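Enquirer: What follows is a structure written as structure tokens; I'll ask about it next.
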Amino acid sequence: MLSYMPGDSLAHRLDPRTKLLVQFAFVAAAFAHETPRGLLVLSAVTAALLLSSGLSPLAALREYRFVLPFLVAGPLVSALTLGPLWVVVADAYDPALASYRALLVLFVTAAYVRSTPVRDTRAAIQRTVPGKLGPFLGMGIALVFRFFPLLLSDLQRTREAMAARLGDERPVVERIRLTSVAGLNRAFGRADRLSLALRARCFAWNPTLPTLRFGCLDSLGFAVAVVLALWALL
């Protein structure tokens with residue numbers, strides 16, 4: 001399950017605001033250079049970012065395995081035509097580049113999640129976004145980071161329980177229906193328990209958050225972000 005893992009890698013020692021800046025610059029460069037040459041350069045940058053967080057590409061690929069069918073289906077569907085030749089490979093070219101770009105962005109996000117505690121992310125957002133919007137976004141993102149892995153774990157346990165009861169021999173439509181209903185029931189149950197837990201702990205919009213400080217290594221992150229941003233503009 002993709003979540004924060006304590007460590008002493010380069011990315012772990014960077015300020016979360018620096019890592020967020022690198023992410024934004026990377027996304028801008030990815031959308032500005034959606035060409036084979038541009039994506040090749042971004043692939044090297046992605047590999048370096050994954051290495052800096054101690055996350056291997058294969059591990060990141062396993063974490064996003066539920067997204068891969070959609071990324072592959074886009075180019076395949078675009079190549080299909082209603083009539084001879086039935087398949088036009090050239091029509092899949094641009095969707096394939098877009099799918100690969102999305103995969104690179106997901107990999108960079110995985111490097112951030114693996115190397116950044118949720119509390120640090122919330123602190124970075126609340127202290128960067130002005131006004132009441134900052135605490136609102138920080139709280140929302142913190143809940144998503146904590147809640148989403150639990151939902152995926154619930155779905156995985158539901159599938160394993162169905163397989164243990166020979167549910168994998170049922171028709172595909174029925175399996176999807178049973179998994180969806182069980183997943184929604186668990187999601188609503190967790191939401192109710194979360195609401196009760198927040199009230200019991202006197203939930204505050206402005207809790208005491210960890211102190212954030214820029215260090216010497218953050219200059220390297222700023223340099224990477226500036227280069228990516230300039231490349232996106234040029």
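Just so we're on the same page: first chain in the structure tokens is A, next is B, and so on; residues restart at 1 for each chain, and ligands are numbered from 1 in the order they show up.
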Please list as a list of chain:residue names every residue within 10 Å of stretch 65-68 of chain A, counting only C-alpha atoms and excluding residues in the same chain fewer than 4 positions away.

Expert: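 Answer for this query is A:Ala59, A:Ala60, A:Leu61, A:Val72, A:Ala73, A:Ser99, A:Leu103, A:Leu106.
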
Enquirer: Nearest to A:Arg213: which of A:Pro16, A:Ala102, A:Phe147, A:Leu82 is it, counting only C-alpha atoms?

Expert: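 Result for the nearest residue to A:Arg213: A:Pro16.
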
Enquirer: Which one is closest to A:Leu14: A:Ala229, A:Ala96, A:Leu152, A:Leu220? Count only C-alpha atoms.

Expert: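 Looking at the shortest contact to A:Leu14, the residue is A:Leu220.
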
Enquirer: DSSP on the backbone: which residues in stretch 124-170 of chain A end up as alpha helix (DSSP H)? Give the answer as number ranges by chain.

Expert: A: 124-126, 133-164

Enquirer: Next, dump the selected residues to file, keeping only N, CA and C atoms, as a compact mmCIF listing (two decimals), in the first residue's frame.

Expert:
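Wrote out-v5.txt, looks like this:
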# COMPACT_ATOMS: atom_id res chain seq x y z
N ALA A 124 2.68 22.14 5.29
CA ALA A 124 3.17 22.87 4.12
C ALA A 124 2.04 23.61 3.42
N ILE A 125 0.90 22.96 3.27
CA ILE A 125 -0.22 23.58 2.57
C ILE A 125 -0.83 24.70 3.40
N GLN A 126 -1.05 24.46 4.69
CA GLN A 126 -1.67 25.47 5.53
C GLN A 126 -0.80 26.72 5.65
N LEU A 133 -8.63 29.18 3.29
CA LEU A 133 -8.50 28.11 2.30
C LEU A 133 -7.35 27.18 2.64
N GLY A 134 -6.27 27.71 3.22
CA GLY A 134 -5.13 26.88 3.57
C GLY A 134 -5.47 25.77 4.55
N PRO A 135 -6.04 26.11 5.74
CA PRO A 135 -6.44 25.03 6.66
C PRO A 135 -7.44 24.05 6.06
N PHE A 136 -8.36 24.57 5.24
CA PHE A 136 -9.36 23.68 4.63
C PHE A 136 -8.69 22.68 3.69
N LEU A 137 -7.80 23.16 2.81
CA LEU A 137 -7.11 22.26 1.89
C LEU A 137 -6.18 21.31 2.64
N GLY A 138 -5.48 21.83 3.64
CA GLY A 138 -4.58 20.98 4.41
C GLY A 138 -5.32 19.85 5.10
N MET A 139 -6.45 20.16 5.72
CA MET A 139 -7.24 19.13 6.38
C MET A 139 -7.78 18.12 5.37
N GLY A 140 -8.26 18.61 4.22
CA GLY A 140 -8.82 17.71 3.22
C GLY A 140 -7.78 16.75 2.66
N ILE A 141 -6.62 17.28 2.33
CA ILE A 141 -5.56 16.42 1.77
C ILE A 141 -5.08 15.42 2.82
N ALA A 142 -4.98 15.85 4.08
CA ALA A 142 -4.55 14.93 5.13
C ALA A 142 -5.54 13.78 5.29
N LEU A 143 -6.83 14.08 5.22
CA LEU A 143 -7.84 13.03 5.32
C LEU A 143 -7.78 12.08 4.12
N VAL A 144 -7.57 12.64 2.93
CA VAL A 144 -7.48 11.80 1.73
C VAL A 144 -6.29 10.85 1.82
N PHE A 145 -5.13 11.38 2.24
CA PHE A 145 -3.93 10.55 2.34
C PHE A 145 -4.11 9.42 3.35
N ARG A 146 -4.89 9.67 4.40
CA ARG A 146 -5.09 8.64 5.42
C ARG A 146 -6.25 7.72 5.07
N PHE A 147 -7.25 8.24 4.37
CA PHE A 147 -8.48 7.50 4.14
C PHE A 147 -8.40 6.61 2.90
N PHE A 148 -7.77 7.11 1.83
CA PHE A 148 -7.75 6.39 0.56
C PHE A 148 -7.05 5.04 0.68
N PRO A 149 -5.87 4.94 1.32
CA PRO A 149 -5.25 3.60 1.46
C PRO A 149 -6.13 2.62 2.22
N LEU A 150 -6.91 3.11 3.20
CA LEU A 150 -7.80 2.22 3.93
C LEU A 150 -8.91 1.68 3.02
N LEU A 151 -9.43 2.52 2.14
CA LEU A 151 -10.47 2.07 1.21
C LEU A 151 -9.92 1.01 0.26
N LEU A 152 -8.71 1.22 -0.24
CA LEU A 152 -8.10 0.21 -1.12
C LEU A 152 -7.87 -1.10 -0.37
N SER A 153 -7.45 -1.00 0.88
CA SER A 153 -7.24 -2.21 1.68
C SER A 153 -8.56 -2.93 1.92
N ASP A 154 -9.64 -2.19 2.14
CA ASP A 154 -10.95 -2.82 2.33
C ASP A 154 -11.39 -3.55 1.07
N LEU A 155 -11.17 -2.93 -0.10
CA LEU A 155 -11.54 -3.59 -1.36
C LEU A 155 -10.72 -4.86 -1.58
N GLN A 156 -9.44 -4.80 -1.22
CA GLN A 156 -8.59 -5.98 -1.39
C GLN A 156 -9.06 -7.11 -0.48
N ARG A 157 -9.42 -6.79 0.77
CA ARG A 157 -9.91 -7.82 1.68
C ARG A 157 -11.26 -8.37 1.21
N THR A 158 -12.09 -7.52 0.61
CA THR A 158 -13.37 -7.99 0.08
C THR A 158 -13.15 -8.99 -1.06
N ARG A 159 -12.22 -8.68 -1.93
CA ARG A 159 -11.92 -9.59 -3.04
C ARG A 159 -11.36 -10.91 -2.52
N GLU A 160 -10.49 -10.85 -1.53
CA GLU A 160 -9.93 -12.07 -0.96
C GLU A 160 -11.01 -12.91 -0.28
N ALA A 161 -11.96 -12.26 0.40
CA ALA A 161 -13.05 -13.00 1.03
C ALA A 161 -13.95 -13.65 -0.01
N MET A 162 -14.21 -12.96 -1.10
CA MET A 162 -15.02 -13.54 -2.17
C MET A 162 -14.32 -14.74 -2.80
N ALA A 163 -13.00 -14.61 -3.01
CA ALA A 163 -12.26 -15.72 -3.60
C ALA A 163 -12.25 -16.94 -2.68
N ALA A 164 -12.18 -16.70 -1.37
CA ALA A 164 -12.19 -17.81 -0.43
C ALA A 164 -13.52 -18.54 -0.42

Enquirer: Tell me, as a PyMOL selection string, which residues lie within 10 Å of stretch 38-47 of chain A, counting only C-alpha atoms; anything in the same chain fewer than 3 positions away does not count.

Expert: chain A and resi 26-27+29-35+50-52+55-57+97-98+100-101+103-109+111+224+228+231

Enquirer: Keeping only N, CA and C atoms, write the selected residues to a file as a compact mmCIF listing (two decimals), in the first residue's frame.

Expert:
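The new file selection-v6.txt reads:
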# COMPACT_ATOMS: atom_id res chain seq x y z
N PHE A 26 7.34 19.80 -12.44
CA PHE A 26 7.39 18.60 -13.28
C PHE A 26 6.12 18.45 -14.10
N VAL A 27 4.97 18.67 -13.48
CA VAL A 27 3.69 18.56 -14.22
C VAL A 27 3.64 19.60 -15.33
N ALA A 29 6.17 20.92 -16.94
CA ALA A 29 7.07 20.49 -18.01
C ALA A 29 6.49 19.32 -18.79
N ALA A 30 5.79 18.40 -18.09
CA ALA A 30 5.21 17.24 -18.77
C ALA A 30 4.13 17.66 -19.76
N PHE A 31 3.33 18.66 -19.42
CA PHE A 31 2.28 19.11 -20.33
C PHE A 31 2.84 19.99 -21.44
N ALA A 32 3.98 20.63 -21.18
CA ALA A 32 4.56 21.50 -22.21
C ALA A 32 5.39 20.72 -23.22
N HIS A 33 5.87 19.54 -22.87
CA HIS A 33 6.76 18.78 -23.74
C HIS A 33 6.24 17.35 -23.90
N GLU A 34 5.08 17.22 -24.49
CA GLU A 34 4.51 15.89 -24.71
C GLU A 34 4.98 15.35 -26.06
N THR A 35 6.29 15.17 -26.17
CA THR A 35 6.91 14.60 -27.35
C THR A 35 7.80 13.45 -26.89
N LEU A 50 12.53 9.03 -8.10
CA LEU A 50 12.23 7.77 -7.43
C LEU A 50 13.43 7.27 -6.63
N LEU A 51 14.60 7.37 -7.23
CA LEU A 51 15.82 6.94 -6.54
C LEU A 51 16.07 7.77 -5.29
N SER A 52 15.78 9.07 -5.38
CA SER A 52 16.02 9.95 -4.23
C SER A 52 15.08 9.65 -3.07
N LEU A 55 12.39 4.56 -3.63
CA LEU A 55 11.29 3.78 -4.20
C LEU A 55 11.69 3.31 -5.59
N SER A 56 11.59 2.02 -5.83
CA SER A 56 11.95 1.48 -7.14
C SER A 56 10.79 1.65 -8.13
N PRO A 57 11.09 1.76 -9.44
CA PRO A 57 10.02 1.88 -10.43
C PRO A 57 9.06 0.70 -10.41
N LEU A 97 1.23 8.71 -25.87
CA LEU A 97 2.11 9.68 -25.22
C LEU A 97 1.44 10.28 -23.98
N ALA A 98 0.13 10.55 -24.08
CA ALA A 98 -0.59 11.11 -22.93
C ALA A 98 -0.65 10.11 -21.78
N TYR A 100 1.53 7.73 -21.16
CA TYR A 100 2.87 7.62 -20.58
C TYR A 100 3.19 8.84 -19.72
N ARG A 101 2.75 10.01 -20.17
CA ARG A 101 2.95 11.22 -19.36
C ARG A 101 2.22 11.10 -18.03
N LEU A 103 1.54 8.39 -16.45
CA LEU A 103 2.27 7.42 -15.64
C LEU A 103 3.47 8.06 -14.96
N LEU A 104 4.19 8.92 -15.67
CA LEU A 104 5.34 9.61 -15.08
C LEU A 104 4.90 10.51 -13.93
N VAL A 105 3.79 11.22 -14.12
CA VAL A 105 3.29 12.09 -13.06
C VAL A 105 2.91 11.26 -11.82
N LEU A 106 2.30 10.10 -12.05
CA LEU A 106 1.95 9.23 -10.93
C LEU A 106 3.19 8.74 -10.20
N PHE A 107 4.25 8.44 -10.94
CA PHE A 107 5.49 7.99 -10.31
C PHE A 107 6.08 9.09 -9.43
N VAL A 108 6.07 10.32 -9.92
CA VAL A 108 6.60 11.44 -9.13
C VAL A 108 5.75 11.63 -7.87
N THR A 109 4.44 11.49 -8.00
CA THR A 109 3.56 11.58 -6.84
C THR A 109 3.86 10.48 -5.84
N ALA A 111 6.72 9.05 -5.31
CA ALA A 111 7.96 9.41 -4.61
C ALA A 111 7.69 10.41 -3.50
N VAL A 224 16.24 22.14 -9.24
CA VAL A 224 15.51 21.23 -10.13
C VAL A 224 14.17 21.83 -10.54
N LEU A 228 13.04 22.84 -14.41
CA LEU A 228 11.83 22.28 -15.01
C LEU A 228 10.85 23.38 -15.41
N TRP A 231 12.14 25.17 -18.47
CA TRP A 231 11.99 24.30 -19.63
C TRP A 231 10.53 24.26 -20.08

Enquirer: Point out the residue among A:Lys19, A:Gly54, A:Leu198, A:Ala110 with the least atom-to-atom distance to A:Gly7, counting only C-alpha atoms.

Expert: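 The closest residue to A:Gly7 is A:Gly54.
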
Enquirer: Could you check the closest approach to A:Leu10 for each of A:Glu63, A:Arg177, A:Thr211, A:Ala48 and tell me which residue wins, using only C-alpha atoms?

Expert: A:Ala48

Enquirer: What is the atom CA of A:Arg17-atom CA of A:Ala191 distance in Å, reported with one decimal?

Expert: 29.1 Å
